[in-house]
Amino acid sequence: DQQVKQNSPSLSVQEGRISILNCDYTNSMFDYFLWYKKYPAEGPTFLISISSIKDKNEDGRFTVFLNKSAKHLSLHIVPSQPGDSAVYFCAANPNTGNQFYFGTGTSLTVIP
Amino acid sequence: ETGVTQSPTHLIKTRGQQVTLRCSSQSGHNTVSWYQQALGQGPQFIFQYYREEENGRGNFPPRFSGLQFPNYSSELNVNALELDDSALYLCASSGWANIQYFGAGTRLSVL
């Protein structure tokens with residue numbers, strides 16, 4: 001049972017434009033969410049996180065939005081750069097445990 | 001400060017064999033988690049170790065076992081390998097902040 005879903009396997013965006021990556025979850029016990037970026041032959045790299053007490057968190061070009069009522073979060077990258085081309089995973093952590101649940105990933109391609 | 005390192009990077013085993021994967025945690029981190037990532041999937045939680053004790057386990061059979069050592073490095077052992085165990089195995093360490101930092105993984109192929 002996939003509790004964290006990334007329904008878009010791939011996304012292509014022009015350099016300089018906004019990239020929006022989406023993630024949905026089903027478990028209402030999730031209260032902490034993270035985004036990771038993964039290049040081929042490397043492990044996932046932490047990008048940005050958000051706690052359920054917030055609805056937005058920014059870090060430079062990266063902003064994560066959380067809509068708890070819709071059980072939806074999104075990662076915005078502005079402006080997108082070719083170096084952002086990677087697979088992006090969202091992950092969620094419940095307030096009752098230490099397990100991280102990952103989505104299946106979205107492959108972002110930023111076209112120069 | 002060193003990051004999370006895993007060894008070996010690649011491994012080929014045959015069905016029924018046993019395998020041990022190793023992970024050195026990031027400096028200052030006392031918690032290690034192991035994940036299995038099958039092709040086209042996200043990482044799936046196997047288990048976590050905190051101060052040498054198992055601290056949570058995902059939906060994996062008992063033939064997946066682990067250890068954490070006093071220096072917080074860790075091992076993942078898999079007995080009686082099956083073809084479906086072929087995957088990328090990721091180790092992540094974490095400290096006081098609830099952020100997991102990953103190694104590059106060990107690619108296991110079971111033939």
# chains A, B, ... in the order shown; residues from 1 in each chain; ligands from 1
>>> residues_around(residues="Arg15 of chain B", least_positions_apart="3", cutoff="7 Å", atoms="only C-alpha atoms", output="PyMOL selection string")
chain B and resi 80-83+110-111
>>> write_last_selection(atoms="all heavy atoms", output="short mmCIF file (atom, residue, chain, number, x, y, z; two decimals), in the first residue's frame")
data_model
loop_
_atom_site.label_atom_id
_atom_site.label_comp_id
_atom_site.auth_asym_id
_atom_site.auth_seq_id
_atom_site.Cartn_x
_atom_site.Cartn_y
_atom_site.Cartn_z
N ALA B 80 19.63 -16.38 2.78
CA ALA B 80 18.78 -17.10 1.82
C ALA B 80 18.29 -16.17 0.72
O ALA B 80 17.07 -15.99 0.53
CB ALA B 80 17.61 -17.75 2.56
N LEU B 81 19.22 -15.56 0.01
CA LEU B 81 18.88 -14.56 -0.99
C LEU B 81 17.90 -15.10 -2.03
O LEU B 81 17.99 -16.25 -2.47
CB LEU B 81 20.16 -14.08 -1.69
CG LEU B 81 21.01 -13.10 -0.90
CD1 LEU B 81 22.39 -12.95 -1.53
CD2 LEU B 81 20.32 -11.75 -0.79
N GLU B 82 16.97 -14.22 -2.41
CA GLU B 82 15.99 -14.52 -3.44
C GLU B 82 16.21 -13.55 -4.60
O GLU B 82 16.80 -12.47 -4.43
CB GLU B 82 14.58 -14.37 -2.88
CG GLU B 82 14.30 -15.30 -1.71
CD GLU B 82 12.91 -15.10 -1.12
OE1 GLU B 82 12.17 -14.22 -1.62
OE2 GLU B 82 12.58 -15.81 -0.15
N LEU B 83 15.70 -13.93 -5.78
CA LEU B 83 15.87 -13.08 -6.95
C LEU B 83 15.31 -11.68 -6.71
O LEU B 83 15.89 -10.68 -7.15
CB LEU B 83 15.20 -13.72 -8.17
CG LEU B 83 15.75 -15.07 -8.62
CD1 LEU B 83 14.96 -15.58 -9.83
CD2 LEU B 83 17.23 -14.99 -8.94
N VAL B 110 21.08 -10.52 -7.60
CA VAL B 110 20.95 -11.93 -7.22
C VAL B 110 20.60 -12.72 -8.48
O VAL B 110 19.59 -12.45 -9.14
CB VAL B 110 19.87 -12.12 -6.14
CG1 VAL B 110 19.80 -13.59 -5.73
CG2 VAL B 110 20.16 -11.25 -4.92
N LEU B 111 21.46 -13.68 -8.80
CA LEU B 111 21.27 -14.47 -10.03
C LEU B 111 20.76 -15.87 -9.74
O LEU B 111 20.98 -16.40 -8.63
CB LEU B 111 22.60 -14.56 -10.78
CG LEU B 111 23.27 -13.21 -11.10
CD1 LEU B 111 24.59 -13.43 -11.79
CD2 LEU B 111 22.35 -12.33 -11.93
#
>>> select_by_dssp(residues="segment 13-86 of chain A", states="strand (DSSP E or B)", output="MDAnalysis selection string")
chainID A and resid 13:14 19:25 30:38 45:51 56:59 62:67 72:77 86
>>> interface_residues(of="chain B", to="chain A", cutoff="8 Å", atoms="only C-alpha atoms", output="CSV table (one decimal) with N, CA, C and O atoms, in the first residue's frame")
chain,number,residue,atom,x,y,z
B,40,GLY,N,12.7,1.6,-10.3
B,40,GLY,CA,11.5,2.4,-10.6
B,40,GLY,C,10.6,2.7,-9.4
B,40,GLY,O,9.5,3.2,-9.5
B,41,GLN,N,11.2,2.3,-8.2
B,41,GLN,CA,10.4,2.5,-7.0
B,41,GLN,C,11.1,3.5,-6.1
B,41,GLN,O,12.3,3.8,-6.3
B,42,GLY,N,10.4,4.0,-5.0
B,42,GLY,CA,11.1,4.8,-4.0
B,42,GLY,C,11.7,3.9,-3.0
B,42,GLY,O,11.4,2.7,-2.9
B,43,PRO,N,12.6,4.4,-2.2
B,43,PRO,CA,13.2,3.6,-1.1
B,43,PRO,C,12.1,3.1,-0.1
B,43,PRO,O,11.2,3.8,0.3
B,44,GLN,N,12.3,1.8,0.2
B,44,GLN,CA,11.4,1.1,1.2
B,44,GLN,C,12.2,0.9,2.5
B,44,GLN,O,13.2,0.3,2.5
B,45,PHE,N,11.6,1.3,3.6
B,45,PHE,CA,12.2,1.2,4.9
B,45,PHE,C,12.4,-0.3,5.3
B,45,PHE,O,11.4,-1.0,5.3
B,47,PHE,N,14.8,-1.3,8.3
B,47,PHE,CA,14.8,-1.1,9.8
B,47,PHE,C,15.7,0.1,10.1
B,47,PHE,O,16.4,0.6,9.3
B,48,GLN,N,15.7,0.4,11.4
B,48,GLN,CA,16.5,1.5,11.9
B,48,GLN,C,17.2,1.1,13.2
B,48,GLN,O,16.6,0.3,14.0
B,55,ASN,N,15.3,0.0,16.3
B,55,ASN,CA,14.4,1.0,16.7
B,55,ASN,C,13.3,1.2,15.7
B,55,ASN,O,13.0,2.3,15.3
B,56,GLY,N,12.8,0.1,15.2
B,56,GLY,CA,11.7,0.2,14.2
B,56,GLY,C,12.1,-0.7,13.0
B,56,GLY,O,13.2,-0.8,12.6
B,57,ARG,N,11.0,-1.3,12.4
B,57,ARG,CA,11.2,-2.2,11.3
B,57,ARG,C,10.1,-2.1,10.4
B,57,ARG,O,8.9,-1.9,10.8
B,58,GLY,N,10.4,-2.2,9.1
B,58,GLY,CA,9.4,-2.1,8.0
B,58,GLY,C,8.9,-3.6,7.8
B,58,GLY,O,9.2,-4.5,8.5
B,90,LEU,N,20.2,1.2,0.4
B,90,LEU,CA,20.6,2.6,0.9
B,90,LEU,C,20.7,2.6,2.4
B,90,LEU,O,19.8,2.1,3.1
B,99,ILE,N,16.4,14.6,10.0
B,99,ILE,CA,16.8,14.5,8.5
B,99,ILE,C,17.7,13.4,8.3
B,99,ILE,O,18.7,13.2,9.0
B,100,GLN,N,17.4,12.6,7.3
B,100,GLN,CA,18.3,11.4,7.0
B,100,GLN,C,19.2,11.7,5.9
B,100,GLN,O,18.8,12.2,4.8
B,101,TYR,N,20.5,11.4,6.1
B,101,TYR,CA,21.5,11.7,5.0
B,101,TYR,C,21.9,10.3,4.5
B,101,TYR,O,22.3,9.5,5.3
B,102,PHE,N,21.9,10.2,3.2
B,102,PHE,CA,22.1,8.9,2.5
B,102,PHE,C,23.5,8.7,2.0
B,102,PHE,O,24.1,9.7,1.5
B,103,GLY,N,23.9,7.5,2.0
B,103,GLY,CA,25.1,7.1,1.2
B,103,GLY,C,24.7,6.8,-0.2
B,103,GLY,O,23.5,6.9,-0.6
B,104,ALA,N,25.7,6.4,-1.0
B,104,ALA,CA,25.4,6.2,-2.5
B,104,ALA,C,24.8,4.9,-2.8
B,104,ALA,O,24.3,4.6,-3.9
B,105,GLY,N,24.8,4.0,-1.8
B,105,GLY,CA,24.1,2.7,-1.9
B,105,GLY,C,25.0,1.6,-2.4
B,105,GLY,O,26.1,1.8,-2.9
>>> residues_around(residues="Val19 of chain B", least_positions_apart="2", cutoff="7 Å", atoms="only C-alpha atoms", output="ChimeraX atom specification")
/B:17,21,77-79
>>> closest_residue(among="A:Thr109, A:Asn95, A:Ser52, A:Asn67", to="Glu15 of chain A", atoms="only C-alpha atoms")
A:Thr109
>>> residues_around(residues="Glu53 of chain B", least_positions_apart="6", cutoff="10 Å", atoms="only C-alpha atoms", output="PyMOL selection string")
chain B and resi 31+66-69
>>> write_last_selection(atoms="all heavy atoms", output="CSV table (one decimal), in the first residue's frame")
chain,number,residue,atom,x,y,z
B,31,THR,N,22.1,7.4,14.7
B,31,THR,CA,21.0,6.6,14.2
B,31,THR,C,21.2,6.2,12.7
B,31,THR,O,21.7,7.1,11.9
B,31,THR,CB,19.7,7.4,14.2
B,31,THR,OG1,19.5,7.8,15.6
B,31,THR,CG2,18.5,6.6,13.8
B,66,GLY,N,20.2,-6.9,11.1
B,66,GLY,CA,21.2,-5.8,11.1
B,66,GLY,C,21.9,-5.8,12.4
B,66,GLY,O,21.6,-6.5,13.4
B,67,LEU,N,22.9,-4.9,12.4
B,67,LEU,CA,23.7,-4.7,13.6
B,67,LEU,C,24.1,-3.2,13.5
B,67,LEU,O,24.3,-2.6,12.5
B,67,LEU,CB,25.0,-5.5,13.6
B,67,LEU,CG,25.0,-7.0,14.0
B,67,LEU,CD1,26.3,-7.6,13.8
B,67,LEU,CD2,24.5,-7.1,15.4
B,68,GLN,N,24.3,-2.6,14.7
B,68,GLN,CA,25.0,-1.3,14.8
B,68,GLN,C,26.1,-1.4,15.8
B,68,GLN,O,25.9,-2.1,16.9
B,68,GLN,CB,24.0,-0.2,15.2
B,68,GLN,CG,24.7,1.2,15.1
B,68,GLN,CD,23.7,2.3,15.5
B,68,GLN,OE1,22.8,2.1,16.3
B,68,GLN,NE2,23.9,3.5,14.9
B,69,PHE,N,27.2,-0.9,15.5
B,69,PHE,CA,28.4,-1.0,16.4
B,69,PHE,C,28.6,0.2,17.3
B,69,PHE,O,27.9,1.3,17.0
B,69,PHE,CB,29.6,-1.2,15.5
B,69,PHE,CG,29.5,-2.5,14.7
B,69,PHE,CD1,29.1,-2.4,13.3
B,69,PHE,CD2,29.7,-3.7,15.2
B,69,PHE,CE1,29.0,-3.6,12.6
B,69,PHE,CE2,29.6,-4.9,14.5
B,69,PHE,CZ,29.2,-4.8,13.1
>>> atom_distance(atom1="atom CA of Ile111 of chain A", atom2="atom CA of Ser10 of chain A")
13.1 Å
>>> closest_residue(among="A:Thr96, A:Gln14, A:Ser28, A:Gln81", to="Ser69 of chain A", atoms="only C-alpha atoms")
A:Ser28
>>> atom_distance(atom1="atom CA of Ser12 of chain A", atom2="atom CA of Tyr35 of chain B")
28.2 Å
>>> atom_distance(atom1="atom CA of Glu75 of chain B", atom2="atom CA of Trp96 of chain B")
21.5 Å
>>> closest_residue(among="B:Gln18, B:Asn30, B:Gln36, B:Ser24", to="Asp84 of chain B", atoms="only C-alpha atoms")
B:Gln36
>>> closest_residue(among="B:Arg51, B:Arg22, B:His10, B:His29", to="Ser86 of chain B", atoms="only C-alpha atoms")
B:His10
>>> closest_residue(among="A:Asn27, A:Asn7, A:Lys37, A:Phe65", to="Ala92 of chain A", atoms="only C-alpha atoms")
A:Asn27
